[in-house]
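Structure data follow from start.csv (CSV, N, CA and C atoms):
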```csv
chain,number,residue,atom,x,y,z
A,792,MET,N,0.2,-6.6,13.8
A,792,MET,CA,1.4,-5.8,13.8
A,792,MET,C,2.0,-5.9,12.3
A,793,VAL,N,2.4,-4.7,11.9
A,793,VAL,CA,3.0,-4.6,10.5
A,793,VAL,C,4.4,-5.2,10.5
A,794,LYS,N,4.6,-6.1,9.6
A,794,LYS,CA,6.0,-6.7,9.5
A,794,LYS,C,6.9,-5.8,8.6
A,795,ALA,N,6.3,-5.4,7.4
A,795,ALA,CA,7.1,-4.6,6.5
A,795,ALA,C,6.1,-3.8,5.6
A,796,ILE,N,6.6,-2.6,5.2
A,796,ILE,CA,5.9,-1.8,4.3
A,796,ILE,C,6.8,-1.5,3.1
A,797,GLU,N,6.3,-1.5,1.9
A,797,GLU,CA,7.1,-1.2,0.7
A,797,GLU,C,6.3,-0.4,-0.3
A,798,ILE,N,6.9,0.8,-0.7
A,798,ILE,CA,6.2,1.6,-1.7
A,798,ILE,C,6.6,1.0,-3.0
A,799,THR,N,5.6,0.6,-3.8
A,799,THR,CA,5.9,0.0,-5.1
A,799,THR,C,5.8,1.0,-6.3
A,800,LYS,N,5.0,2.0,-6.1
A,800,LYS,CA,4.8,3.0,-7.2
A,800,LYS,C,4.2,4.3,-6.7
A,801,VAL,N,4.7,5.4,-7.3
A,801,VAL,CA,4.2,6.7,-7.0
A,801,VAL,C,3.9,7.4,-8.3
A,802,SER,N,2.6,7.8,-8.4
A,802,SER,CA,2.2,8.5,-9.7
A,802,SER,C,1.3,9.7,-9.4
A,803,ILE,N,1.0,10.4,-10.4
A,803,ILE,CA,0.2,11.6,-10.3
A,803,ILE,C,-1.1,11.4,-11.1
A,804,ARG,N,-2.2,11.5,-10.5
A,804,ARG,CA,-3.5,11.6,-11.3
A,804,ARG,C,-4.1,13.0,-10.9
A,805,ASP,N,-5.2,13.0,-10.2
A,805,ASP,CA,-5.7,14.3,-9.8
A,805,ASP,C,-4.8,14.8,-8.6
A,806,ARG,N,-4.3,13.8,-7.9
A,806,ARG,CA,-3.4,14.1,-6.7
A,806,ARG,C,-2.3,13.0,-6.7
A,807,LEU,N,-1.5,13.1,-5.7
A,807,LEU,CA,-0.4,12.1,-5.6
A,807,LEU,C,-0.9,10.8,-5.2
A,808,VAL,N,-0.6,9.7,-5.9
A,808,VAL,CA,-1.1,8.4,-5.7
A,808,VAL,C,0.1,7.5,-5.3
A,809,VAL,N,0.0,6.8,-4.2
A,809,VAL,CA,1.1,5.9,-3.7
A,809,VAL,C,0.5,4.5,-3.6
A,810,ASP,N,1.2,3.6,-4.3
A,810,ASP,CA,0.8,2.2,-4.2
A,810,ASP,C,1.8,1.5,-3.2
A,811,ALA,N,1.3,0.7,-2.3
A,811,ALA,CA,2.2,0.1,-1.3
A,811,ALA,C,1.8,-1.3,-1.0
A,812,ASP,N,2.8,-2.1,-0.7
A,812,ASP,CA,2.6,-3.5,-0.2
A,812,ASP,C,2.8,-3.5,1.3
A,813,VAL,N,1.9,-4.1,2.0
A,813,VAL,CA,2.0,-4.2,3.5
A,813,VAL,C,2.0,-5.7,3.9
A,814,ARG,N,3.0,-6.1,4.6
A,814,ARG,CA,3.0,-7.5,5.1
A,814,ARG,C,2.7,-7.5,6.6
A,815,MET,N,1.6,-8.2,6.9
A,815,MET,CA,1.2,-8.3,8.3
A,815,MET,C,1.8,-9.6,9.0
A,816,SER,N,2.0,-9.6,10.3
A,816,SER,CA,2.6,-10.7,11.0
A,816,SER,C,1.5,-11.8,11.2
A,817,ASP,N,0.3,-11.4,11.5
A,817,ASP,CA,-0.8,-12.4,11.8
A,817,ASP,C,-2.0,-12.1,11.1
A,818,PRO,N,-2.8,-13.1,10.6
A,818,PRO,CA,-4.0,-12.8,9.8
A,818,PRO,C,-5.1,-12.1,10.7
A,819,GLN,N,-5.0,-12.3,12.0
A,819,GLN,CA,-6.1,-11.7,12.8
A,819,GLN,C,-5.7,-10.3,13.3
A,820,ASP,N,-4.6,-9.7,12.8
A,820,ASP,CA,-4.1,-8.4,13.2
A,820,ASP,C,-4.7,-7.3,12.3
A,821,PHE,N,-5.4,-6.4,12.8
A,821,PHE,CA,-6.1,-5.4,12.0
A,821,PHE,C,-5.5,-4.0,12.4
A,822,ASP,N,-4.4,-3.9,13.1
A,822,ASP,CA,-3.9,-2.7,13.5
A,822,ASP,C,-2.9,-2.1,12.5
A,823,PHE,N,-3.5,-1.3,11.6
A,823,PHE,CA,-2.7,-0.6,10.6
A,823,PHE,C,-3.3,0.9,10.5
A,824,SER,N,-2.5,1.8,10.9
A,824,SER,CA,-2.8,3.2,10.9
A,824,SER,C,-1.7,4.0,10.2
A,825,PRO,N,-1.7,4.1,8.9
A,825,PRO,CA,-0.6,4.7,8.1
A,825,PRO,C,-0.5,6.2,8.4
A,826,ARG,N,0.8,6.6,8.4
A,826,ARG,CA,1.1,8.1,8.5
A,826,ARG,C,2.1,8.4,7.4
A,827,ALA,N,1.9,9.5,6.7
A,827,ALA,CA,2.8,9.9,5.7
A,827,ALA,C,3.4,11.3,6.0
A,828,SER,N,4.7,11.5,5.7
A,828,SER,CA,5.3,12.7,5.9
A,828,SER,C,6.4,12.9,4.8
A,829,ILE,N,6.7,14.2,4.6
A,829,ILE,CA,7.7,14.6,3.6
A,829,ILE,C,8.8,15.4,4.3
A,830,ASP,N,10.1,14.9,4.1
A,830,ASP,CA,11.2,15.6,4.6
A,830,ASP,C,12.1,15.9,3.4
A,831,GLY,N,12.2,17.2,3.0
A,831,GLY,CA,12.9,17.5,1.8
A,831,GLY,C,12.2,17.1,0.6
A,832,SER,N,12.7,16.1,-0.1
A,832,SER,CA,11.9,15.5,-1.2
A,832,SER,C,11.8,14.0,-1.0
A,833,THR,N,11.9,13.6,0.2
A,833,THR,CA,11.7,12.2,0.5
A,833,THR,C,10.4,11.9,1.2
A,834,LEU,N,9.6,11.1,0.6
A,834,LEU,CA,8.3,10.7,1.2
A,834,LEU,C,8.5,9.5,2.1
A,835,SER,N,8.0,9.6,3.3
A,835,SER,CA,8.1,8.5,4.3
A,835,SER,C,6.7,8.0,4.7
A,836,LEU,N,6.6,6.7,4.7
A,836,LEU,CA,5.3,6.0,5.0
A,836,LEU,C,5.6,5.1,6.2
A,837,ARG,N,4.8,5.2,7.2
A,837,ARG,CA,5.0,4.3,8.4
A,837,ARG,C,3.7,4.0,9.1
A,838,ASN,N,3.7,3.0,9.9
A,838,ASN,CA,2.6,2.7,10.7
A,838,ASN,C,2.7,3.5,12.0
A,839,GLU,N,1.5,4.0,12.5
A,839,GLU,CA,1.6,4.8,13.7
A,839,GLU,C,2.0,3.9,14.9
A,840,GLY,N,3.0,4.4,15.7
A,840,GLY,CA,3.5,3.7,16.8
A,840,GLY,C,4.5,2.6,16.5
A,841,ASP,N,4.8,2.4,15.3
A,841,ASP,CA,5.7,1.4,14.9
A,841,ASP,C,6.8,2.0,14.0
A,842,GLU,N,8.0,2.3,14.7
A,842,GLU,CA,9.0,3.0,14.0
A,842,GLU,C,9.9,2.1,13.1
A,843,GLU,N,9.9,0.8,13.3
A,843,GLU,CA,10.8,-0.1,12.6
A,843,GLU,C,10.2,-0.4,11.2
A,844,ALA,N,8.9,-0.4,11.0
A,844,ALA,CA,8.3,-0.8,9.8
A,844,ALA,C,8.0,0.6,9.0
A,845,ALA,N,9.0,1.1,8.3
A,845,ALA,CA,8.8,2.3,7.6
A,845,ALA,C,9.5,2.2,6.2
A,846,THR,N,9.1,3.0,5.3
A,846,THR,CA,9.7,3.0,4.0
A,846,THR,C,9.8,4.4,3.5
A,847,ASN,N,10.8,4.6,2.6
A,847,ASN,CA,11.0,6.0,2.0
A,847,ASN,C,11.0,5.9,0.5
A,848,PHE,N,10.7,7.0,-0.1
A,848,PHE,CA,10.7,7.1,-1.6
A,848,PHE,C,11.1,8.5,-2.0
A,849,GLU,N,12.0,8.6,-2.9
A,849,GLU,CA,12.5,9.9,-3.4
A,849,GLU,C,11.5,10.5,-4.5
A,850,LEU,N,10.9,11.6,-4.2
A,850,LEU,CA,10.0,12.2,-5.2
A,850,LEU,C,10.7,13.1,-6.1
A,851,ASP,N,10.2,13.2,-7.4
A,851,ASP,CA,10.7,14.1,-8.4
A,851,ASP,C,10.0,15.5,-8.2
A,852,SER,N,10.3,16.5,-9.0
A,852,SER,CA,9.8,17.8,-8.9
A,852,SER,C,8.3,17.9,-9.1
A,853,ASP,N,7.8,17.2,-10.1
A,853,ASP,CA,6.4,17.2,-10.4
A,853,ASP,C,5.6,16.6,-9.2
A,854,GLN,N,6.1,15.5,-8.7
A,854,GLN,CA,5.4,14.9,-7.5
A,854,GLN,C,5.5,15.8,-6.3
A,855,MET,N,6.6,16.5,-6.1
A,855,MET,CA,6.7,17.4,-4.9
A,855,MET,C,5.7,18.5,-5.1
A,856,THR,N,5.6,19.1,-6.3
A,856,THR,CA,4.7,20.2,-6.5
A,856,THR,C,3.2,19.8,-6.2
A,857,THR,N,2.9,18.6,-6.7
A,857,THR,CA,1.5,18.1,-6.4
A,857,THR,C,1.3,17.8,-4.9
A,858,ALA,N,2.3,17.3,-4.2
A,858,ALA,CA,2.2,17.0,-2.8
A,858,ALA,C,2.0,18.3,-2.0
A,859,GLU,N,2.8,19.3,-2.3
A,859,GLU,CA,2.8,20.6,-1.6
A,859,GLU,C,1.5,21.3,-1.9
A,860,ARG,N,0.9,21.2,-3.1
A,860,ARG,CA,-0.3,21.8,-3.5
A,860,ARG,C,-1.5,21.2,-2.7
A,861,ASP,N,-1.6,19.9,-2.7
A,861,ASP,CA,-2.8,19.2,-2.1
A,861,ASP,C,-2.6,19.0,-0.6
A,862,ARG,N,-1.4,18.8,-0.2
A,862,ARG,CA,-1.1,18.4,1.2
A,862,ARG,C,-1.8,17.1,1.6
A,863,MET,N,-2.0,16.2,0.7
A,863,MET,CA,-2.6,14.9,0.9
A,863,MET,C,-2.1,14.0,-0.2
A,864,LEU,N,-2.3,12.7,0.1
A,864,LEU,CA,-2.0,11.7,-1.0
A,864,LEU,C,-3.1,10.6,-0.9
A,865,GLU,N,-3.2,9.9,-2.0
A,865,GLU,CA,-4.1,8.7,-2.0
A,865,GLU,C,-3.3,7.5,-1.9
A,866,LEU,N,-3.5,6.7,-0.8
A,866,LEU,CA,-2.8,5.6,-0.5
A,866,LEU,C,-3.6,4.3,-0.9
A,867,ARG,N,-3.0,3.5,-1.8
A,867,ARG,CA,-3.6,2.2,-2.2
A,867,ARG,C,-2.7,1.1,-1.7
A,868,VAL,N,-3.3,0.3,-0.8
A,868,VAL,CA,-2.5,-0.7,-0.1
A,868,VAL,C,-3.0,-2.1,-0.5
A,869,LYS,N,-2.0,-3.0,-0.7
A,869,LYS,CA,-2.3,-4.4,-0.9
A,869,LYS,C,-1.7,-5.1,0.3
A,870,PHE,N,-2.6,-5.8,1.0
A,870,PHE,CA,-2.2,-6.5,2.2
A,870,PHE,C,-1.8,-7.9,1.9
A,871,SER,N,-0.9,-8.5,2.6
A,871,SER,CA,-0.5,-9.9,2.6
A,871,SER,C,-0.1,-10.3,4.0
A,872,VAL,N,-0.1,-11.6,4.2
A,872,VAL,CA,0.3,-12.2,5.5
A,872,VAL,C,1.4,-13.2,5.3
A,873,GLU,N,2.4,-13.1,6.0
A,873,GLU,CA,3.5,-14.0,5.9
A,873,GLU,C,3.1,-15.5,6.0
A,874,GLY,N,3.3,-16.3,5.0
A,874,GLY,CA,3.0,-17.7,5.1
A,874,GLY,C,1.6,-18.0,4.7
A,875,MET,N,0.7,-17.0,4.4
A,875,MET,CA,-0.7,-17.3,4.0
A,875,MET,C,-0.9,-17.1,2.5
A,876,HIS,N,-0.3,-16.2,1.9
A,876,HIS,CA,-0.5,-15.9,0.5
A,876,HIS,C,0.7,-16.4,-0.3
A,877,GLY,N,0.5,-17.5,-0.9
A,877,GLY,CA,1.6,-18.2,-1.7
A,877,GLY,C,1.1,-18.6,-3.1
A,878,VAL,N,1.5,-19.7,-3.6
A,878,VAL,CA,1.2,-20.2,-4.9
A,878,VAL,C,0.2,-21.4,-4.7
A,879,LEU,N,-0.9,-21.4,-5.5
A,879,LEU,CA,-1.8,-22.5,-5.5
A,879,LEU,C,-1.1,-23.6,-6.3
A,880,THR,N,-1.3,-24.9,-5.8
A,880,THR,CA,-0.8,-26.0,-6.6
A,880,THR,C,-1.7,-26.5,-7.6
A,881,HIS,N,-3.0,-26.4,-7.4
A,881,HIS,CA,-4.1,-26.9,-8.3
A,881,HIS,C,-5.0,-25.7,-8.7
A,882,LYS,N,-4.5,-25.0,-9.7
A,882,LYS,CA,-5.3,-23.8,-10.1
A,882,LYS,C,-6.0,-24.1,-11.4
A,883,THR,N,-7.2,-23.6,-11.5
A,883,THR,CA,-8.0,-23.8,-12.7
A,883,THR,C,-7.4,-22.9,-13.8
A,884,LYS,N,-7.3,-23.5,-15.0
A,884,LYS,CA,-6.6,-22.7,-16.1
A,884,LYS,C,-7.4,-21.5,-16.5
A,885,ASN,N,-8.7,-21.6,-16.8
A,885,ASN,CA,-9.5,-20.5,-17.2
A,885,ASN,C,-10.6,-20.2,-16.1
A,886,THR,N,-10.4,-19.2,-15.3
A,886,THR,CA,-11.3,-18.9,-14.2
A,886,THR,C,-12.7,-18.4,-14.6
A,887,ARG,N,-12.8,-18.0,-15.9
A,887,ARG,CA,-14.1,-17.5,-16.3
A,887,ARG,C,-15.1,-18.6,-16.5
A,888,ILE,N,-14.6,-19.8,-16.9
A,888,ILE,CA,-15.6,-20.9,-17.2
A,888,ILE,C,-15.7,-21.9,-16.2
A,889,ALA,N,-14.9,-21.9,-15.1
A,889,ALA,CA,-14.9,-22.9,-14.1
A,889,ALA,C,-15.8,-22.5,-13.0
A,890,PRO,N,-16.8,-23.3,-12.5
A,890,PRO,CA,-17.6,-23.0,-11.4
A,890,PRO,C,-16.9,-23.0,-10.1
A,891,ASN,N,-15.9,-23.8,-9.9
A,891,ASN,CA,-15.2,-23.9,-8.7
A,891,ASN,C,-13.8,-23.5,-8.8
A,892,ALA,N,-13.6,-22.3,-9.4
A,892,ALA,CA,-12.3,-21.8,-9.7
A,892,ALA,C,-11.6,-21.4,-8.4
A,893,LYS,N,-10.3,-21.7,-8.3
A,893,LYS,CA,-9.6,-21.3,-7.1
A,893,LYS,C,-8.8,-20.1,-7.4
A,894,LYS,N,-8.9,-19.1,-6.5
A,894,LYS,CA,-8.1,-17.9,-6.7
A,894,LYS,C,-7.8,-17.4,-5.3
A,895,LEU,N,-6.6,-16.9,-5.1
A,895,LEU,CA,-6.2,-16.4,-3.8
A,895,LEU,C,-6.9,-15.0,-3.6
A,896,ALA,N,-7.3,-14.7,-2.4
A,896,ALA,CA,-7.9,-13.4,-2.1
A,896,ALA,C,-6.8,-12.4,-2.0
A,897,GLU,N,-7.0,-11.2,-2.5
A,897,GLU,CA,-6.1,-10.1,-2.5
A,897,GLU,C,-6.8,-8.9,-1.8
A,898,PRO,N,-6.6,-8.8,-0.5
A,898,PRO,CA,-7.2,-7.7,0.2
A,898,PRO,C,-6.5,-6.4,-0.2
A,899,ARG,N,-7.4,-5.5,-0.6
A,899,ARG,CA,-6.9,-4.1,-1.0
A,899,ARG,C,-7.6,-3.1,-0.2
A,900,TRP,N,-7.0,-1.9,-0.1
A,900,TRP,CA,-7.5,-0.9,0.8
A,900,TRP,C,-7.1,0.5,0.1
A,901,LYS,N,-8.0,1.4,0.1
A,901,LYS,CA,-7.7,2.8,-0.4
A,901,LYS,C,-8.1,3.8,0.5
A,902,THR,N,-7.3,4.8,0.7
A,902,THR,CA,-7.6,5.9,1.6
A,902,THR,C,-6.9,7.2,1.3
A,903,LEU,N,-7.4,8.3,1.8
A,903,LEU,CA,-6.7,9.6,1.6
A,903,LEU,C,-5.9,9.9,2.9
A,904,LEU,N,-4.6,10.2,2.8
A,904,LEU,CA,-3.8,10.5,4.0
A,904,LEU,C,-3.4,12.0,3.9
A,905,PRO,N,-3.4,12.7,5.1
A,905,PRO,CA,-2.8,14.0,5.1
A,905,PRO,C,-1.3,13.9,5.2
A,906,LEU,N,-0.6,14.9,4.5
A,906,LEU,CA,0.8,14.9,4.5
A,906,LEU,C,1.3,15.9,5.6
A,907,VAL,N,2.3,15.4,6.3
A,907,VAL,CA,3.0,16.3,7.3
A,907,VAL,C,4.3,16.8,6.5
A,908,LEU,N,4.3,18.1,6.2
A,908,LEU,CA,5.5,18.7,5.5
A,908,LEU,C,6.5,19.3,6.5
```
Would you give me this structure, written as structure tokens?
Amino acid sequence: MVKAIEITKVSIRDRLVVDADVRMSDPQDFDFSPRASIDGSTLSLRNEGDEEAATNFELDSDQMTTAERDRMLELRVKFSVEGMHGVLTHKTKNTRIAPNAKKLAEPRWKTLLPLVL
């Protein structure tokens, strides 16, 4: 189950690109089906079937033009789990030269989403 969704950045490349941070409740939960919609000039991102975990972002005119033209967006998600992803206490200073370097996993996901206008 999704605990929280936050849009961190919206940019334009070939299409509208949305970067989001998603916090999951449990590390064994894989139920994430994002849905994107635009109401006026506000982009809304939510998980399907979960109305409480939603986020909004106000788009400018260039971003609105790109969204209306393509009717899709590229969603880049960085997942984290509450209580699992924190700060390491014994981290190797230079990870390139250490054979047993400790680094936290950063699960990332990229997809194309259709926009509901």
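Using only N, CA and C atoms, the smallest distance between any of A:Leu836, A:Val793, A:Val801, A:Leu807 and Met863 (chain A) comes from A:Leu807.
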List as a ChimeraX atom specification the protein and nucleic acid residues near Leu864 (chain A), meaning an atom at most 10 Å away when only C-alpha atoms are counted, but skip any in the same chain fewer than 4 places from it.
/A:801,803,805-809,827,857-858,902-906
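As for atom N of Ser852 (chain A) and atom N of Arg814 (chain A), they are spaced 27.4 Å apart.
Of the listed residues (A:Glu839, A:Asp861, A:Lys800, A:Lys794), A:Lys794 comes nearest to Asp820 (chain A); the distances count only C-alpha atoms.
For the set A:Val868, A:Met792, A:Met855, A:Leu908, the residue with the smallest atom-to-atom gap to Asp822 (chain A) is A:Met792, counting all atoms listed in the file.
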Could you write region 815-842 of chain A of the block just shown to a file containing N, CA, C and O atoms, as a PDB file, in the first residue's frame?
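Result file selection-v4.pdb:
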```pdb
ATOM      1  N   MET A 815       6.331   3.532   0.432  1.00  0.00           N
ATOM      2  CA  MET A 815       5.473   2.363   0.600  1.00  0.00           C
ATOM      3  C   MET A 815       5.400   2.009   2.087  1.00  0.00           C
ATOM      4  O   MET A 815       6.314   2.311   2.860  1.00  0.00           O
ATOM      5  N   SER A 816       4.335   1.346   2.487  1.00  0.00           N
ATOM      6  CA  SER A 816       4.144   0.971   3.885  1.00  0.00           C
ATOM      7  C   SER A 816       4.932  -0.276   4.262  1.00  0.00           C
ATOM      8  O   SER A 816       5.398  -0.400   5.388  1.00  0.00           O
ATOM      9  N   ASP A 817       5.068  -1.209   3.327  1.00  0.00           N
ATOM     10  CA  ASP A 817       5.668  -2.505   3.615  1.00  0.00           C
ATOM     11  C   ASP A 817       6.635  -2.879   2.489  1.00  0.00           C
ATOM     12  O   ASP A 817       6.333  -2.660   1.321  1.00  0.00           O
ATOM     13  N   PRO A 818       7.805  -3.431   2.791  1.00  0.00           N
ATOM     14  CA  PRO A 818       8.751  -3.799   1.728  1.00  0.00           C
ATOM     15  C   PRO A 818       8.242  -4.898   0.806  1.00  0.00           C
ATOM     16  O   PRO A 818       8.708  -5.032  -0.318  1.00  0.00           O
ATOM     17  N   GLN A 819       7.268  -5.690   1.237  1.00  0.00           N
ATOM     18  CA  GLN A 819       6.729  -6.764   0.406  1.00  0.00           C
ATOM     19  C   GLN A 819       5.508  -6.333  -0.390  1.00  0.00           C
ATOM     20  O   GLN A 819       4.878  -7.164  -1.047  1.00  0.00           O
ATOM     21  N   ASP A 820       5.163  -5.066  -0.350  1.00  0.00           N
ATOM     22  CA  ASP A 820       3.997  -4.566  -1.074  1.00  0.00           C
ATOM     23  C   ASP A 820       4.435  -4.080  -2.454  1.00  0.00           C
ATOM     24  O   ASP A 820       5.296  -3.220  -2.573  1.00  0.00           O
ATOM     25  N   PHE A 821       3.849  -4.642  -3.481  1.00  0.00           N
ATOM     26  CA  PHE A 821       4.188  -4.286  -4.850  1.00  0.00           C
ATOM     27  C   PHE A 821       2.996  -3.684  -5.583  1.00  0.00           C
ATOM     28  O   PHE A 821       2.988  -3.632  -6.806  1.00  0.00           O
ATOM     29  N   ASP A 822       1.986  -3.245  -4.853  1.00  0.00           N
ATOM     30  CA  ASP A 822       0.765  -2.728  -5.460  1.00  0.00           C
ATOM     31  C   ASP A 822       0.898  -1.229  -5.704  1.00  0.00           C
ATOM     32  O   ASP A 822       0.542  -0.418  -4.855  1.00  0.00           O
ATOM     33  N   PHE A 823       1.417  -0.869  -6.865  1.00  0.00           N
ATOM     34  CA  PHE A 823       1.506   0.540  -7.248  1.00  0.00           C
ATOM     35  C   PHE A 823       1.078   0.655  -8.703  1.00  0.00           C
ATOM     36  O   PHE A 823       1.743   0.162  -9.610  1.00  0.00           O
ATOM     37  N   SER A 824      -0.084   1.256  -8.922  1.00  0.00           N
ATOM     38  CA  SER A 824      -0.628   1.490 -10.261  1.00  0.00           C
ATOM     39  C   SER A 824      -0.936   2.973 -10.389  1.00  0.00           C
ATOM     40  O   SER A 824      -2.040   3.416 -10.052  1.00  0.00           O
ATOM     41  N   PRO A 825       0.025   3.774 -10.850  1.00  0.00           N
ATOM     42  CA  PRO A 825      -0.185   5.220 -10.879  1.00  0.00           C
ATOM     43  C   PRO A 825      -1.181   5.639 -11.949  1.00  0.00           C
ATOM     44  O   PRO A 825      -1.282   5.026 -13.011  1.00  0.00           O
ATOM     45  N   ARG A 826      -1.905   6.707 -11.651  1.00  0.00           N
ATOM     46  CA  ARG A 826      -2.850   7.317 -12.574  1.00  0.00           C
ATOM     47  C   ARG A 826      -2.603   8.820 -12.562  1.00  0.00           C
ATOM     48  O   ARG A 826      -2.414   9.408 -11.502  1.00  0.00           O
ATOM     49  N   ALA A 827      -2.596   9.421 -13.746  1.00  0.00           N
ATOM     50  CA  ALA A 827      -2.350  10.862 -13.861  1.00  0.00           C
ATOM     51  C   ALA A 827      -3.531  11.525 -14.541  1.00  0.00           C
ATOM     52  O   ALA A 827      -4.100  10.991 -15.496  1.00  0.00           O
ATOM     53  N   SER A 828      -3.885  12.698 -14.054  1.00  0.00           N
ATOM     54  CA  SER A 828      -4.964  13.479 -14.660  1.00  0.00           C
ATOM     55  C   SER A 828      -4.655  14.961 -14.521  1.00  0.00           C
ATOM     56  O   SER A 828      -3.881  15.367 -13.663  1.00  0.00           O
ATOM     57  N   ILE A 829      -5.283  15.736 -15.407  1.00  0.00           N
ATOM     58  CA  ILE A 829      -5.121  17.190 -15.368  1.00  0.00           C
ATOM     59  C   ILE A 829      -6.496  17.816 -15.255  1.00  0.00           C
ATOM     60  O   ILE A 829      -7.399  17.510 -16.034  1.00  0.00           O
ATOM     61  N   ASP A 830      -6.640  18.697 -14.273  1.00  0.00           N
ATOM     62  CA  ASP A 830      -7.876  19.457 -14.078  1.00  0.00           C
ATOM     63  C   ASP A 830      -7.494  20.929 -14.099  1.00  0.00           C
ATOM     64  O   ASP A 830      -6.852  21.417 -13.176  1.00  0.00           O
ATOM     65  N   GLY A 831      -7.868  21.618 -15.176  1.00  0.00           N
ATOM     66  CA  GLY A 831      -7.436  23.000 -15.349  1.00  0.00           C
ATOM     67  C   GLY A 831      -5.960  22.995 -15.690  1.00  0.00           C
ATOM     68  O   GLY A 831      -5.550  22.496 -16.730  1.00  0.00           O
ATOM     69  N   SER A 832      -5.135  23.545 -14.818  1.00  0.00           N
ATOM     70  CA  SER A 832      -3.685  23.485 -15.012  1.00  0.00           C
ATOM     71  C   SER A 832      -3.005  22.740 -13.859  1.00  0.00           C
ATOM     72  O   SER A 832      -1.818  22.873 -13.638  1.00  0.00           O
ATOM     73  N   THR A 833      -3.766  21.931 -13.142  1.00  0.00           N
ATOM     74  CA  THR A 833      -3.242  21.171 -12.012  1.00  0.00           C
ATOM     75  C   THR A 833      -3.078  19.707 -12.393  1.00  0.00           C
ATOM     76  O   THR A 833      -4.045  19.051 -12.774  1.00  0.00           O
ATOM     77  N   LEU A 834      -1.856  19.211 -12.286  1.00  0.00           N
ATOM     78  CA  LEU A 834      -1.560  17.806 -12.532  1.00  0.00           C
ATOM     79  C   LEU A 834      -1.760  17.037 -11.238  1.00  0.00           C
ATOM     80  O   LEU A 834      -1.222  17.407 -10.203  1.00  0.00           O
ATOM     81  N   SER A 835      -2.548  15.957 -11.295  1.00  0.00           N
ATOM     82  CA  SER A 835      -2.795  15.114 -10.124  1.00  0.00           C
ATOM     83  C   SER A 835      -2.224  13.736 -10.387  1.00  0.00           C
ATOM     84  O   SER A 835      -2.423  13.160 -11.451  1.00  0.00           O
ATOM     85  N   LEU A 836      -1.529  13.208  -9.404  1.00  0.00           N
ATOM     86  CA  LEU A 836      -0.940  11.878  -9.485  1.00  0.00           C
ATOM     87  C   LEU A 836      -1.420  11.092  -8.282  1.00  0.00           C
ATOM     88  O   LEU A 836      -1.310  11.556  -7.145  1.00  0.00           O
ATOM     89  N   ARG A 837      -1.973   9.892  -8.534  1.00  0.00           N
ATOM     90  CA  ARG A 837      -2.498   9.077  -7.439  1.00  0.00           C
ATOM     91  C   ARG A 837      -2.319   7.606  -7.768  1.00  0.00           C
ATOM     92  O   ARG A 837      -2.051   7.246  -8.914  1.00  0.00           O
ATOM     93  N   ASN A 838      -2.465   6.778  -6.761  1.00  0.00           N
ATOM     94  CA  ASN A 838      -2.439   5.335  -6.929  1.00  0.00           C
ATOM     95  C   ASN A 838      -3.863   4.868  -7.184  1.00  0.00           C
ATOM     96  O   ASN A 838      -4.802   5.337  -6.547  1.00  0.00           O
ATOM     97  N   GLU A 839      -4.021   3.933  -8.111  1.00  0.00           N
ATOM     98  CA  GLU A 839      -5.364   3.442  -8.440  1.00  0.00           C
ATOM     99  C   GLU A 839      -6.001   2.778  -7.229  1.00  0.00           C
ATOM    100  O   GLU A 839      -5.389   1.942  -6.560  1.00  0.00           O
ATOM    101  N   GLY A 840      -7.225   3.183  -6.918  1.00  0.00           N
ATOM    102  CA  GLY A 840      -7.956   2.620  -5.794  1.00  0.00           C
ATOM    103  C   GLY A 840      -7.573   3.196  -4.446  1.00  0.00           C
ATOM    104  O   GLY A 840      -8.092   2.769  -3.423  1.00  0.00           O
ATOM    105  N   ASP A 841      -6.680   4.163  -4.407  1.00  0.00           N
ATOM    106  CA  ASP A 841      -6.225   4.747  -3.147  1.00  0.00           C
ATOM    107  C   ASP A 841      -6.358   6.258  -3.254  1.00  0.00           C
ATOM    108  O   ASP A 841      -5.493   6.925  -3.794  1.00  0.00           O
ATOM    109  N   GLU A 842      -7.437   6.794  -2.734  1.00  0.00           N
ATOM    110  CA  GLU A 842      -7.721   8.217  -2.879  1.00  0.00           C
ATOM    111  C   GLU A 842      -6.926   9.091  -1.918  1.00  0.00           C
ATOM    112  O   GLU A 842      -6.695  10.253  -2.169  1.00  0.00           O
TER     113      GLU A 842
END
```
